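*Asks:* Here you go, this is final-v5.tsv (TSV, C-alpha atoms).
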chain	number	residue	atom	x	y	z
A	27	MET	CA	154.74	55.00	45.42
A	28	LEU	CA	153.23	54.92	48.88
A	29	SER	CA	151.31	57.77	50.47
A	30	LYS	CA	152.61	59.34	53.66
A	31	ARG	CA	149.63	57.86	55.50
A	32	LEU	CA	150.38	54.33	54.29
A	33	ILE	CA	154.11	54.67	55.03
A	34	ASP	CA	153.35	55.95	58.53
A	35	GLU	CA	150.96	53.06	59.23
A	36	MET	CA	153.38	50.49	57.78
A	37	ASN	CA	156.15	51.86	60.00
A	38	ILE	CA	153.84	51.46	62.97
A	39	GLN	CA	153.17	47.91	61.76
A	40	ILE	CA	156.91	47.18	61.80
A	41	MET	CA	156.84	48.16	65.47
A	42	HIS	CA	153.84	45.87	66.13
A	43	GLU	CA	155.51	42.95	64.38
A	44	LEU	CA	158.66	43.42	66.47
A	45	ALA	CA	156.53	43.79	69.61
A	46	SER	CA	154.84	40.50	68.66
A	47	ALA	CA	158.24	38.82	68.45
A	48	HIS	CA	159.12	40.27	71.85
A	49	LEU	CA	155.85	39.04	73.34
A	50	TYR	CA	156.30	35.53	71.97
A	51	MET	CA	159.85	35.41	73.29
A	52	ALA	CA	158.49	36.25	76.76
A	53	MET	CA	155.90	33.49	76.36
A	54	GLU	CA	158.67	31.12	75.25
A	55	ALA	CA	160.58	31.94	78.44
A	56	TYR	CA	157.50	31.15	80.53
A	57	CYS	CA	157.06	27.78	78.82
A	58	ALA	CA	160.76	27.00	79.18
A	59	SER	CA	160.49	27.76	82.91
A	60	LEU	CA	157.86	25.00	83.10
A	61	ASN	CA	160.18	22.59	81.23
A	62	LEU	CA	157.71	22.51	78.35
A	63	ASP	CA	160.33	22.56	75.64
A	64	GLY	CA	157.87	21.79	72.83
A	65	PHE	CA	155.66	24.75	73.70
A	66	ALA	CA	158.80	26.90	74.05
A	67	ASN	CA	159.95	25.73	70.61
A	68	TRP	CA	156.57	26.54	69.06
A	69	LEU	CA	156.79	30.08	70.45
A	70	LYS	CA	160.42	30.41	69.36
A	71	VAL	CA	159.33	29.67	65.79
A	72	GLN	CA	156.49	32.17	66.23
A	73	THR	CA	159.05	34.78	67.31
A	74	GLU	CA	161.09	34.22	64.15
A	75	GLU	CA	157.98	34.51	61.99
A	76	GLU	CA	157.12	37.88	63.52
A	77	ARG	CA	160.64	39.17	62.94
A	78	ALA	CA	160.36	38.07	59.32
A	79	HIS	CA	157.05	39.91	59.01
A	80	ALA	CA	158.70	43.10	60.26
A	81	ARG	CA	161.46	42.64	57.69
A	82	LEU	CA	158.92	42.20	54.90
A	83	PHE	CA	157.30	45.53	55.74
A	84	PHE	CA	160.74	47.14	56.05
A	85	ASP	CA	161.79	45.85	52.62
A	86	PHE	CA	158.48	46.77	50.98
A	87	ILE	CA	158.65	50.36	52.21
A	88	ASN	CA	162.23	50.64	50.93
A	89	ARG	CA	161.38	49.07	47.60
A	90	MET	CA	158.52	51.53	47.17
A	91	ASN	CA	160.96	54.39	47.83
A	92	GLY	CA	159.47	55.20	51.23
A	93	GLU	CA	161.28	56.11	54.41
A	94	VAL	CA	161.43	53.43	57.11
A	95	LYS	CA	161.15	54.60	60.69
A	96	VAL	CA	161.92	52.08	63.41
A	97	TYR	CA	160.06	52.78	66.65
A	98	GLY	CA	160.86	51.45	70.09
A	99	ILE	CA	158.71	48.75	71.65
A	100	ASP	CA	157.34	48.35	75.15
A	101	GLU	CA	158.31	45.59	77.54
A	102	PRO	CA	156.06	42.60	76.85
A	103	HIS	CA	153.61	41.06	79.27
A	104	ASP	CA	155.42	38.15	80.93
A	105	LYS	CA	153.24	36.99	83.81
A	106	TYR	CA	150.84	34.17	83.07
A	107	ALA	CA	148.37	32.26	85.21
A	108	SER	CA	148.72	29.09	83.19
A	109	LEU	CA	149.73	27.61	79.86
A	110	LEU	CA	146.17	28.18	78.66
A	111	ASP	CA	146.50	31.85	79.65
A	112	VAL	CA	149.62	32.14	77.45
A	113	PHE	CA	147.76	30.98	74.36
A	114	GLU	CA	144.60	32.95	75.13
A	115	LYS	CA	146.71	36.11	75.36
A	116	GLY	CA	148.51	35.11	72.15
A	117	TYR	CA	145.17	34.67	70.40
A	118	GLU	CA	143.96	38.08	71.61
A	119	HIS	CA	147.20	39.60	70.37
A	120	GLU	CA	146.81	38.01	66.94
A	121	GLN	CA	143.28	39.43	66.72
A	122	PHE	CA	144.80	42.86	67.34
A	123	VAL	CA	147.41	42.28	64.64
A	124	THR	CA	144.65	41.20	62.25
A	125	SER	CA	142.85	44.50	62.89
A	126	ARG	CA	146.07	46.34	62.05
A	127	ILE	CA	146.53	44.39	58.80
A	128	TYR	CA	142.93	45.11	57.85
A	129	LEU	CA	143.52	48.82	58.50
A	130	LEU	CA	146.51	48.77	56.15
A	131	ALA	CA	144.54	46.86	53.51
A	132	ASP	CA	141.66	49.33	53.81
A	133	ILE	CA	144.00	52.29	53.33
A	134	ALA	CA	145.71	50.67	50.33
A	135	THR	CA	142.33	49.85	48.78
A	136	GLU	CA	140.97	53.34	49.44
A	137	GLU	CA	144.07	54.86	47.83
A	138	LYS	CA	143.90	52.40	44.93
A	139	ASN	CA	147.51	51.39	45.60
A	140	HIS	CA	147.46	48.05	43.82
A	141	ALA	CA	151.05	47.15	44.72
A	142	ALA	CA	150.29	47.61	48.42
A	143	VAL	CA	146.99	45.71	48.10
A	144	SER	CA	148.85	42.81	46.50
A	145	PHE	CA	151.56	42.87	49.18
A	146	LEU	CA	149.03	43.05	52.02
A	147	LYS	CA	146.92	40.16	50.69
A	148	TRP	CA	149.64	37.78	51.87
A	149	PHE	CA	149.35	39.23	55.39
A	150	VAL	CA	145.56	38.98	55.36
A	151	ASP	CA	145.89	35.27	54.54
A	152	GLU	CA	148.69	34.86	57.09
A	153	GLN	CA	146.51	36.28	59.86
A	154	VAL	CA	143.85	33.65	59.20
A	155	GLU	CA	146.54	31.03	59.81
A	156	GLU	CA	147.93	32.82	62.89
A	157	GLU	CA	144.56	33.11	64.60
A	158	SER	CA	143.67	29.53	63.67
A	159	ASN	CA	146.93	28.19	65.12
A	160	PHE	CA	146.43	29.92	68.46
A	161	LEU	CA	142.75	29.00	68.67
A	162	GLY	CA	143.57	25.38	67.82
A	163	LEU	CA	146.07	25.20	70.67
A	164	ILE	CA	143.58	26.79	73.07
A	165	LYS	CA	141.01	24.14	72.17
A	166	LYS	CA	143.55	21.35	72.62
A	167	LEU	CA	144.65	22.71	76.00
A	168	GLU	CA	141.01	22.97	77.12
A	169	LEU	CA	140.42	19.40	75.98
A	170	ILE	CA	143.54	18.16	77.78
A	171	GLY	CA	142.68	19.94	81.02
A	172	ASP	CA	144.74	18.45	83.84
A	173	ASN	CA	145.70	15.33	81.87
A	174	THR	CA	149.51	15.28	82.09
A	175	SER	CA	149.80	12.55	79.46
A	176	GLY	CA	147.89	14.72	76.99
A	177	LEU	CA	150.07	17.70	77.86
A	178	TYR	CA	153.19	15.60	77.34
A	179	MET	CA	151.96	14.42	73.93
A	180	LEU	CA	151.07	17.95	72.80
A	181	ASP	CA	154.42	19.25	74.03
A	182	LYS	CA	156.18	16.55	72.02
A	183	GLU	CA	154.12	17.44	68.92
A	184	LEU	CA	154.98	21.14	69.22
A	185	ALA	CA	158.69	20.33	69.54
A	186	ALA	CA	158.63	19.27	65.88
A	187	ARG	CA	157.68	22.73	64.55
A	188	VAL	CA	160.42	24.32	62.45
A	189	TYR	CA	160.80	27.84	61.15
A	190	VAL	CA	160.10	28.20	57.45
A	191	PRO	CA	160.83	31.66	56.00
A	192	PRO	CA	157.89	33.36	54.29
A	193	THR	CA	157.56	32.74	50.57
A	194	ILE	CA	156.40	36.24	49.71
A	195	THR	CA	158.68	38.33	47.51
A	196	VAL	CA	158.98	42.05	48.01
Would you mind writing the file's structure down as C-alpha coordinates?

*Replies:*
Amino acid sequence: MLSKRLIDEMNIQIMHELASAHLYMAMEAYCASLNLDGFANWLKVQTEEERAHARLFFDFINRMNGEVKVYGIDEPHDKYASLLDVFEKGYEHEQFVTSRIYLLADIATEEKNHAAVSFLKWFVDEQVEEESNFLGLIKKLELIGDNTSGLYMLDKELAARVYVPPTITV
(Lines of atoms letter the chains of each structure in order from A and count residues from 1; the text may use other names and numbers.)
(Lines give C-alpha, C1' and ligand atoms only; values in the text may rest on other atoms or scores of the structure.)
Protein backbone atom coordinates (compact mmCIF):
# COMPACT_ATOMS: atom_id res chain seq x y z
CA MET A 1 0.00 0.00 0.00
CA LEU A 2 1.22 3.47 -0.83
CA SER A 3 0.78 6.51 1.39
CA LYS A 4 -1.20 9.48 0.10
CA ARG A 5 2.03 11.48 0.01
CA LEU A 6 3.80 8.89 -2.15
CA ILE A 7 0.80 8.50 -4.48
CA ASP A 8 0.55 12.27 -4.88
CA GLU A 9 4.26 12.57 -5.70
CA MET A 10 4.15 9.60 -8.09
CA ASN A 11 1.19 11.18 -9.89
CA ILE A 12 3.22 14.36 -10.23
CA GLN A 13 6.06 12.21 -11.57
CA ILE A 14 3.76 10.81 -14.25
CA MET A 15 3.20 14.41 -15.34
CA HIS A 16 6.97 15.09 -15.38
CA GLU A 17 7.65 11.96 -17.43
CA LEU A 18 5.00 12.98 -19.98
CA ALA A 19 6.38 16.53 -19.99
CA SER A 20 9.82 15.03 -20.69
CA ALA A 21 8.39 13.16 -23.68
CA HIS A 22 6.81 16.39 -24.89
CA LEU A 23 10.09 18.27 -24.49
CA TYR A 24 12.07 15.64 -26.38
CA MET A 25 9.51 15.65 -29.18
CA ALA A 26 10.01 19.43 -29.50
CA MET A 27 13.77 18.87 -29.59
CA GLU A 28 13.26 16.16 -32.22
CA ALA A 29 11.33 18.66 -34.34
CA TYR A 30 14.17 21.17 -34.05
CA CYS A 31 16.73 18.57 -35.17
CA ALA A 32 14.49 17.45 -38.03
CA SER A 33 14.22 21.08 -39.16
CA LEU A 34 18.03 21.06 -39.51
CA ASN A 35 17.88 17.81 -41.54
CA LEU A 36 19.75 16.03 -38.76
CA ASP A 37 17.72 12.86 -38.95
CA GLY A 38 20.04 10.88 -36.67
CA PHE A 39 19.73 13.41 -33.86
CA ALA A 40 15.96 13.53 -34.47
CA ASN A 41 15.84 9.73 -34.25
CA TRP A 42 17.81 9.72 -30.99
CA LEU A 43 15.31 12.17 -29.49
CA LYS A 44 12.36 10.20 -30.88
CA VAL A 45 13.63 7.14 -29.00
CA GLN A 46 14.09 9.32 -25.92
CA THR A 47 10.46 10.43 -26.24
CA GLU A 48 9.28 6.82 -26.28
CA GLU A 49 11.38 6.00 -23.23
CA GLU A 50 9.80 8.84 -21.26
CA ARG A 51 6.30 7.71 -22.21
CA ALA A 52 7.20 4.22 -21.02
CA HIS A 53 8.45 5.66 -17.72
CA ALA A 54 5.12 7.41 -17.22
CA ARG A 55 3.33 4.12 -17.91
CA LEU A 56 5.49 2.31 -15.35
CA PHE A 57 4.49 4.78 -12.64
CA PHE A 58 0.85 4.56 -13.76
CA ASP A 59 0.89 0.76 -13.57
CA PHE A 60 2.73 0.69 -10.24
CA ILE A 61 0.23 3.03 -8.58
CA ASN A 62 -2.63 0.89 -9.89
CA ARG A 63 -1.00 -2.34 -8.81
CA MET A 64 -0.50 -0.92 -5.32
CA ASN A 65 -4.22 -0.05 -5.21
CA GLY A 66 -3.60 3.68 -5.44
CA GLU A 67 -5.53 6.24 -7.45
CA VAL A 68 -3.83 7.58 -10.57
CA LYS A 69 -4.35 11.24 -11.38
CA VAL A 70 -3.22 12.45 -14.78
CA TYR A 71 -2.26 16.12 -14.79
CA GLY A 72 -1.93 18.41 -17.78
CA ILE A 73 1.48 19.46 -19.03
CA ASP A 74 2.81 22.81 -20.18
CA GLU A 75 3.94 23.59 -23.69
CA PRO A 76 7.61 22.59 -23.98
CA HIS A 77 10.49 24.91 -24.71
CA ASP A 78 11.08 24.73 -28.47
CA LYS A 79 13.52 27.51 -29.33
CA TYR A 80 17.18 26.58 -29.40
CA ALA A 81 20.32 28.54 -30.23
CA SER A 82 22.14 25.49 -31.53
CA LEU A 83 22.33 21.72 -31.48
CA LEU A 84 24.60 21.98 -28.45
CA ASP A 85 21.92 24.09 -26.72
CA VAL A 86 19.38 21.30 -27.31
CA PHE A 87 21.50 18.75 -25.48
CA GLU A 88 22.56 21.13 -22.72
CA LYS A 89 18.89 21.82 -22.01
CA GLY A 90 18.17 18.09 -22.17
CA TYR A 91 20.94 17.43 -19.65
CA GLU A 92 19.59 20.12 -17.31
CA HIS A 93 16.15 18.58 -17.62
CA GLU A 94 17.45 15.11 -16.78
CA GLN A 95 19.15 16.55 -13.68
CA PHE A 96 15.74 17.87 -12.63
CA VAL A 97 14.14 14.47 -13.24
CA THR A 98 16.89 12.85 -11.17
CA SER A 99 16.06 15.18 -8.28
CA ARG A 100 12.41 14.11 -8.56
CA ILE A 101 13.33 10.40 -8.54
CA TYR A 102 15.53 10.96 -5.49
CA LEU A 103 12.64 12.70 -3.74
CA LEU A 104 10.41 9.69 -4.40
CA ALA A 105 13.12 7.29 -3.22
CA ASP A 106 13.63 9.36 -0.06
CA ILE A 107 9.91 9.29 0.73
CA ALA A 108 9.68 5.54 0.11
CA THR A 109 12.73 4.93 2.31
CA GLU A 110 11.43 7.22 5.06
CA GLU A 111 8.09 5.40 5.01
CA LYS A 112 9.82 2.00 4.90
CA ASN A 113 7.80 1.09 1.80
CA HIS A 114 10.04 -1.68 0.51
CA ALA A 115 7.96 -2.33 -2.61
CA ALA A 116 8.27 1.31 -3.65
CA VAL A 117 11.99 1.37 -2.80
CA SER A 118 12.51 -1.69 -5.01
CA PHE A 119 10.48 -0.16 -7.85
CA LEU A 120 12.28 3.19 -7.62
CA LYS A 121 15.76 1.63 -7.62
CA TRP A 122 15.32 0.94 -11.33
CA PHE A 123 14.61 4.64 -11.91
CA VAL A 124 17.62 5.71 -9.83
CA ASP A 125 19.82 3.53 -12.05
CA GLU A 126 18.03 4.74 -15.18
CA GLN A 127 18.75 8.36 -14.32
CA VAL A 128 22.48 7.65 -14.15
CA GLU A 129 22.21 6.40 -17.73
CA GLU A 130 20.02 9.31 -18.86
CA GLU A 131 22.37 11.97 -17.53
CA SER A 132 25.40 10.13 -18.88
CA ASN A 133 23.87 9.89 -22.36
CA PHE A 134 23.14 13.61 -22.56
CA LEU A 135 26.50 14.60 -21.10
CA GLY A 136 28.28 12.27 -23.53
CA LEU A 137 26.56 13.92 -26.48
CA ILE A 138 27.39 17.38 -25.14
CA LYS A 139 31.07 16.43 -24.93
CA LYS A 140 31.02 15.01 -28.45
CA LEU A 141 29.34 18.13 -29.83
CA GLU A 142 31.89 20.34 -28.07
CA LEU A 143 34.70 18.22 -29.50
CA ILE A 144 33.21 18.37 -33.00
CA GLY A 145 32.70 22.12 -32.90
CA ASP A 146 32.19 23.41 -36.44
CA ASN A 147 33.52 20.24 -38.09
CA THR A 148 30.71 19.22 -40.46
CA SER A 149 32.29 15.83 -41.14
CA GLY A 150 32.24 15.05 -37.42
CA LEU A 151 28.64 16.23 -37.17
CA TYR A 152 27.70 14.02 -40.12
CA MET A 153 29.36 10.99 -38.52
CA LEU A 154 27.67 11.57 -35.16
CA ASP A 155 24.31 12.08 -36.87
CA LYS A 156 24.78 8.78 -38.70
CA GLU A 157 25.69 7.03 -35.41
CA LEU A 158 22.58 8.38 -33.66
CA ALA A 159 20.36 7.20 -36.51
CA ALA A 160 21.07 3.62 -35.41
CA ARG A 161 19.46 4.02 -31.96
CA VAL A 162 16.34 1.91 -31.51
CA TYR A 163 13.70 1.94 -28.82
CA VAL A 164 13.93 -0.95 -26.39
CA PRO A 165 11.08 -1.18 -23.87
CA PRO A 166 12.13 -1.14 -20.21
CA THR A 167 12.75 -4.53 -18.63
CA ILE A 168 11.27 -3.63 -15.26
CA THR A 169 8.16 -5.50 -14.17
CA VAL A 170 5.46 -3.80 -12.17

*Asks:* Calculate how many Å separate atom CA of A:Ile40 from atom CA of A:Tyr117, rounding to one decimal.

*Replies:* 19.2 Å

*Asks:* Which one is closest to A:Pro192: A:Ser125, A:Gly98, A:His79, A:Ala107? Count all atoms listed in the file.

*Replies:*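 So, comparing all the options, the nearest one is A:His79.
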
*Asks:* For a test of reading the model, state the distance in Å between atom CA of A:Leu82 and atom CA of A:Glu118, rounded to one decimal.

*Replies:*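 We find that atom CA of A:Leu82 and atom CA of A:Glu118 lie 22.8 Å from each other.
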
*Asks:* Can you tell me, as a count of residues only, what residues are no more than 12 Å from A:Leu69 when counting all atoms listed in the file, ignoring any on the same chain fewer than 3 positions away?

*Replies:* 37

*Asks:* Suppose you want the space between atom CA of A:Arg81 and atom CA of A:Thr193; what is it in Å?

*Replies:*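 Separation of atom CA of A:Arg81 and atom CA of A:Thr193: 12.8 Å.
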
*Asks:* Which is closest to A:Thr195 among A:Ile164, A:Leu110, A:Leu146, A:Leu32, if we use all atoms listed in the file?

*Replies:*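 Going through A:Ile164, A:Leu110, A:Leu146, A:Leu32 one by one, the smallest distance to A:Thr195 is for A:Leu146.
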
*Asks:* Using all atoms listed in the file, can you tell me which of A:Ile33, A:Phe122, A:Val143, A:Met179 comes closest to A:Val94?

*Replies:*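 Of A:Ile33, A:Phe122, A:Val143, A:Met179, the one nearest A:Val94, counting all atoms listed in the file, is A:Ile33.
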
*Asks:* Pick out the closest residue to A:Asp85 from this set: A:Gln153, A:Asn37, A:Ser59, A:Thr174. Count only C-alpha atoms.

*Replies:*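 Using only C-alpha atoms, A:Asp85 sits closest to A:Asn37.
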
*Asks:* I'd like to know which of A:Ala45, A:Pro191, A:Ile99, A:Phe83 is closest to A:Leu130, using all atoms listed in the file.

*Replies:*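 Once distances to A:Leu130 are computed over all atoms listed in the file, the minimum belongs to A:Phe83.
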
*Asks:* Give the answer as one residue: which of A:Thr135, A:Arg126, A:Gln121, A:Leu177 has the shortest atom-to-atom distance to A:Glu155, using all atoms listed in the file?

*Replies:*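 Looking only at the distances to A:Glu155, the closest residue turns out to be A:Gln121.
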
*Asks:* Could you work out an axis-aligned box for stretch 133-139 of chain A, taking every atom the file lists and adding 6 Å on each side, and report centre and edge lengths in Å to one decimal, as AutoDock Vina command-line options?

*Replies:*
--center_x 144.2 --center_y 52.4 --center_z 49.1 --size_x 18.5 --size_y 17.0 --size_z 20.4

*Asks:* So that I can look at just that part, could you write stretch 54-100 of chain A with N, CA and C atoms, as an mmCIF file, in the first residue's frame?

*Replies:*
data_model
loop_
_atom_site.group_PDB
_atom_site.id
_atom_site.type_symbol
_atom_site.label_atom_id
_atom_site.label_comp_id
_atom_site.auth_asym_id
_atom_site.auth_seq_id
_atom_site.Cartn_x
_atom_site.Cartn_y
_atom_site.Cartn_z
ATOM 1 N N GLU A 54 13.225 16.970 -30.989
ATOM 2 C CA GLU A 54 13.262 16.165 -32.217
ATOM 3 C C GLU A 54 12.854 17.020 -33.414
ATOM 4 N N ALA A 55 11.799 17.803 -33.247
ATOM 5 C CA ALA A 55 11.326 18.664 -34.339
ATOM 6 C C ALA A 55 12.399 19.669 -34.743
ATOM 7 N N TYR A 56 13.096 20.224 -33.755
ATOM 8 C CA TYR A 56 14.175 21.168 -34.053
ATOM 9 C C TYR A 56 15.267 20.481 -34.877
ATOM 10 N N CYS A 57 15.677 19.294 -34.444
ATOM 11 C CA CYS A 57 16.730 18.573 -35.171
ATOM 12 C C CYS A 57 16.275 18.194 -36.577
ATOM 13 N N ALA A 58 15.020 17.784 -36.705
ATOM 14 C CA ALA A 58 14.485 17.447 -38.026
ATOM 15 C C ALA A 58 14.486 18.676 -38.935
ATOM 16 N N SER A 59 14.230 19.854 -38.352
ATOM 17 C CA SER A 59 14.224 21.080 -39.163
ATOM 18 C C SER A 59 15.612 21.411 -39.694
ATOM 19 N N LEU A 60 16.643 20.865 -39.056
ATOM 20 C CA LEU A 60 18.025 21.061 -39.514
ATOM 21 C C LEU A 60 18.490 19.918 -40.416
ATOM 22 N N ASN A 61 17.575 19.007 -40.744
ATOM 23 C CA ASN A 61 17.876 17.813 -41.538
ATOM 24 C C ASN A 61 18.905 16.916 -40.854
ATOM 25 N N LEU A 62 18.882 16.909 -39.534
ATOM 26 C CA LEU A 62 19.745 16.028 -38.758
ATOM 27 C C LEU A 62 18.889 14.860 -38.279
ATOM 28 N N ASP A 63 18.651 13.955 -39.209
ATOM 29 C CA ASP A 63 17.717 12.858 -38.955
ATOM 30 C C ASP A 63 18.200 11.898 -37.871
ATOM 31 N N GLY A 64 19.509 11.740 -37.720
ATOM 32 C CA GLY A 64 20.037 10.876 -36.668
ATOM 33 C C GLY A 64 19.773 11.456 -35.290
ATOM 34 N N PHE A 65 20.022 12.752 -35.131
ATOM 35 C CA PHE A 65 19.731 13.413 -33.862
ATOM 36 C C PHE A 65 18.226 13.368 -33.585
ATOM 37 N N ALA A 66 17.420 13.595 -34.622
ATOM 38 C CA ALA A 66 15.962 13.530 -34.471
ATOM 39 C C ALA A 66 15.539 12.127 -34.029
ATOM 40 N N ASN A 67 16.152 11.108 -34.630
ATOM 41 C CA ASN A 67 15.838 9.728 -34.249
ATOM 42 C C ASN A 67 16.197 9.469 -32.790
ATOM 43 N N TRP A 68 17.367 9.929 -32.370
ATOM 44 C CA TRP A 68 17.809 9.718 -30.992
ATOM 45 C C TRP A 68 16.783 10.311 -30.019
ATOM 46 N N LEU A 69 16.291 11.503 -30.350
ATOM 47 C CA LEU A 69 15.312 12.169 -29.489
ATOM 48 C C LEU A 69 13.935 11.511 -29.587
ATOM 49 N N LYS A 70 13.614 10.945 -30.742
ATOM 50 C CA LYS A 70 12.363 10.199 -30.881
ATOM 51 C C LYS A 70 12.378 8.987 -29.948
ATOM 52 N N VAL A 71 13.492 8.277 -29.910
ATOM 53 C CA VAL A 71 13.628 7.140 -29.004
ATOM 54 C C VAL A 71 13.535 7.620 -27.551
ATOM 55 N N GLN A 72 14.156 8.757 -27.263
ATOM 56 C CA GLN A 72 14.092 9.324 -25.917
ATOM 57 C C GLN A 72 12.648 9.634 -25.529
ATOM 58 N N THR A 73 11.882 10.143 -26.473
ATOM 59 C CA THR A 73 10.464 10.428 -26.241
ATOM 60 C C THR A 73 9.721 9.161 -25.850
ATOM 61 N N GLU A 74 9.956 8.093 -26.577
ATOM 62 C CA GLU A 74 9.279 6.819 -26.280
ATOM 63 C C GLU A 74 9.675 6.286 -24.910
ATOM 64 N N GLU A 75 10.945 6.443 -24.550
ATOM 65 C CA GLU A 75 11.382 6.004 -23.226
ATOM 66 C C GLU A 75 10.635 6.746 -22.124
ATOM 67 N N GLU A 76 10.477 8.051 -22.290
ATOM 68 C CA GLU A 76 9.800 8.844 -21.260
ATOM 69 C C GLU A 76 8.327 8.451 -21.142
ATOM 70 N N ARG A 77 7.703 8.180 -22.255
ATOM 71 C CA ARG A 77 6.303 7.709 -22.208
ATOM 72 C C ARG A 77 6.217 6.379 -21.463
ATOM 73 N N ALA A 78 7.180 5.510 -21.707
ATOM 74 C CA ALA A 78 7.203 4.220 -21.018
ATOM 75 C C ALA A 78 7.405 4.412 -19.517
ATOM 76 N N HIS A 79 8.239 5.388 -19.148
ATOM 77 C CA HIS A 79 8.449 5.658 -17.724
ATOM 78 C C HIS A 79 7.147 6.116 -17.070
ATOM 79 N N ALA A 80 6.413 6.970 -17.754
ATOM 80 C CA ALA A 80 5.116 7.414 -17.218
ATOM 81 C C ALA A 80 4.187 6.216 -17.026
ATOM 82 N N ARG A 81 4.180 5.317 -17.980
ATOM 83 C CA ARG A 81 3.328 4.122 -17.906
ATOM 84 C C ARG A 81 3.744 3.232 -16.732
ATOM 85 N N LEU A 82 5.036 3.117 -16.481
ATOM 86 C CA LEU A 82 5.494 2.308 -15.354
ATOM 87 C C LEU A 82 4.979 2.857 -14.029
ATOM 88 N N PHE A 83 5.041 4.178 -13.864
ATOM 89 C CA PHE A 83 4.492 4.778 -12.641
ATOM 90 C C PHE A 83 2.981 4.563 -12.570
ATOM 91 N N PHE A 84 2.304 4.758 -13.680
ATOM 92 C CA PHE A 84 0.852 4.562 -13.759
ATOM 93 C C PHE A 84 0.495 3.140 -13.305
ATOM 94 N N ASP A 85 1.175 2.160 -13.885
ATOM 95 C CA ASP A 85 0.889 0.756 -13.566
ATOM 96 C C ASP A 85 1.241 0.408 -12.121
ATOM 97 N N PHE A 86 2.335 0.973 -11.615
ATOM 98 C CA PHE A 86 2.733 0.691 -10.235
ATOM 99 C C PHE A 86 1.694 1.227 -9.252
ATOM 100 N N ILE A 87 1.252 2.448 -9.472
ATOM 101 C CA ILE A 87 0.233 3.025 -8.585
ATOM 102 C C ILE A 87 -1.013 2.149 -8.597
ATOM 103 N N ASN A 88 -1.445 1.754 -9.781
ATOM 104 C CA ASN A 88 -2.634 0.888 -9.887
ATOM 105 C C ASN A 88 -2.419 -0.444 -9.193
ATOM 106 N N ARG A 89 -1.275 -1.035 -9.412
ATOM 107 C CA ARG A 89 -0.996 -2.339 -8.814
ATOM 108 C C ARG A 89 -0.967 -2.269 -7.290
ATOM 109 N N MET A 90 -0.567 -1.115 -6.774
ATOM 110 C CA MET A 90 -0.502 -0.922 -5.324
ATOM 111 C C MET A 90 -1.825 -0.383 -4.773
ATOM 112 N N ASN A 91 -2.867 -0.454 -5.604
ATOM 113 C CA ASN A 91 -4.217 -0.052 -5.206
ATOM 114 C C ASN A 91 -4.327 1.441 -4.895
ATOM 115 N N GLY A 92 -3.522 2.231 -5.585
ATOM 116 C CA GLY A 92 -3.600 3.682 -5.443
ATOM 117 C C GLY A 92 -4.449 4.274 -6.551
ATOM 118 N N GLU A 93 -4.712 5.547 -6.437
ATOM 119 C CA GLU A 93 -5.526 6.241 -7.450
ATOM 120 C C GLU A 93 -4.619 7.100 -8.328
ATOM 121 N N VAL A 94 -4.620 6.805 -9.612
ATOM 122 C CA VAL A 94 -3.826 7.579 -10.573
ATOM 123 C C VAL A 94 -4.569 8.859 -10.903
ATOM 124 N N LYS A 95 -3.826 9.948 -10.928
ATOM 125 C CA LYS A 95 -4.354 11.235 -11.375
ATOM 126 C C LYS A 95 -3.436 11.705 -12.494
ATOM 127 N N VAL A 96 -4.015 11.995 -13.635
ATOM 128 C CA VAL A 96 -3.224 12.448 -14.782
ATOM 129 C C VAL A 96 -3.380 13.960 -14.898
ATOM 130 N N TYR A 97 -2.272 14.662 -14.731
ATOM 131 C CA TYR A 97 -2.261 16.123 -14.790
ATOM 132 C C TYR A 97 -1.901 16.591 -16.193
ATOM 133 N N GLY A 98 -2.305 17.792 -16.511
ATOM 134 C CA GLY A 98 -1.934 18.409 -17.783
ATOM 135 C C GLY A 98 -0.470 18.827 -17.753
ATOM 136 N N ILE A 99 0.084 19.026 -18.926
ATOM 137 C CA ILE A 99 1.479 19.459 -19.026
ATOM 138 C C ILE A 99 1.554 20.768 -19.797
ATOM 139 N N ASP A 100 2.595 21.529 -19.500
ATOM 140 C CA ASP A 100 2.807 22.807 -20.175
ATOM 141 C C ASP A 100 3.429 22.594 -21.545
#
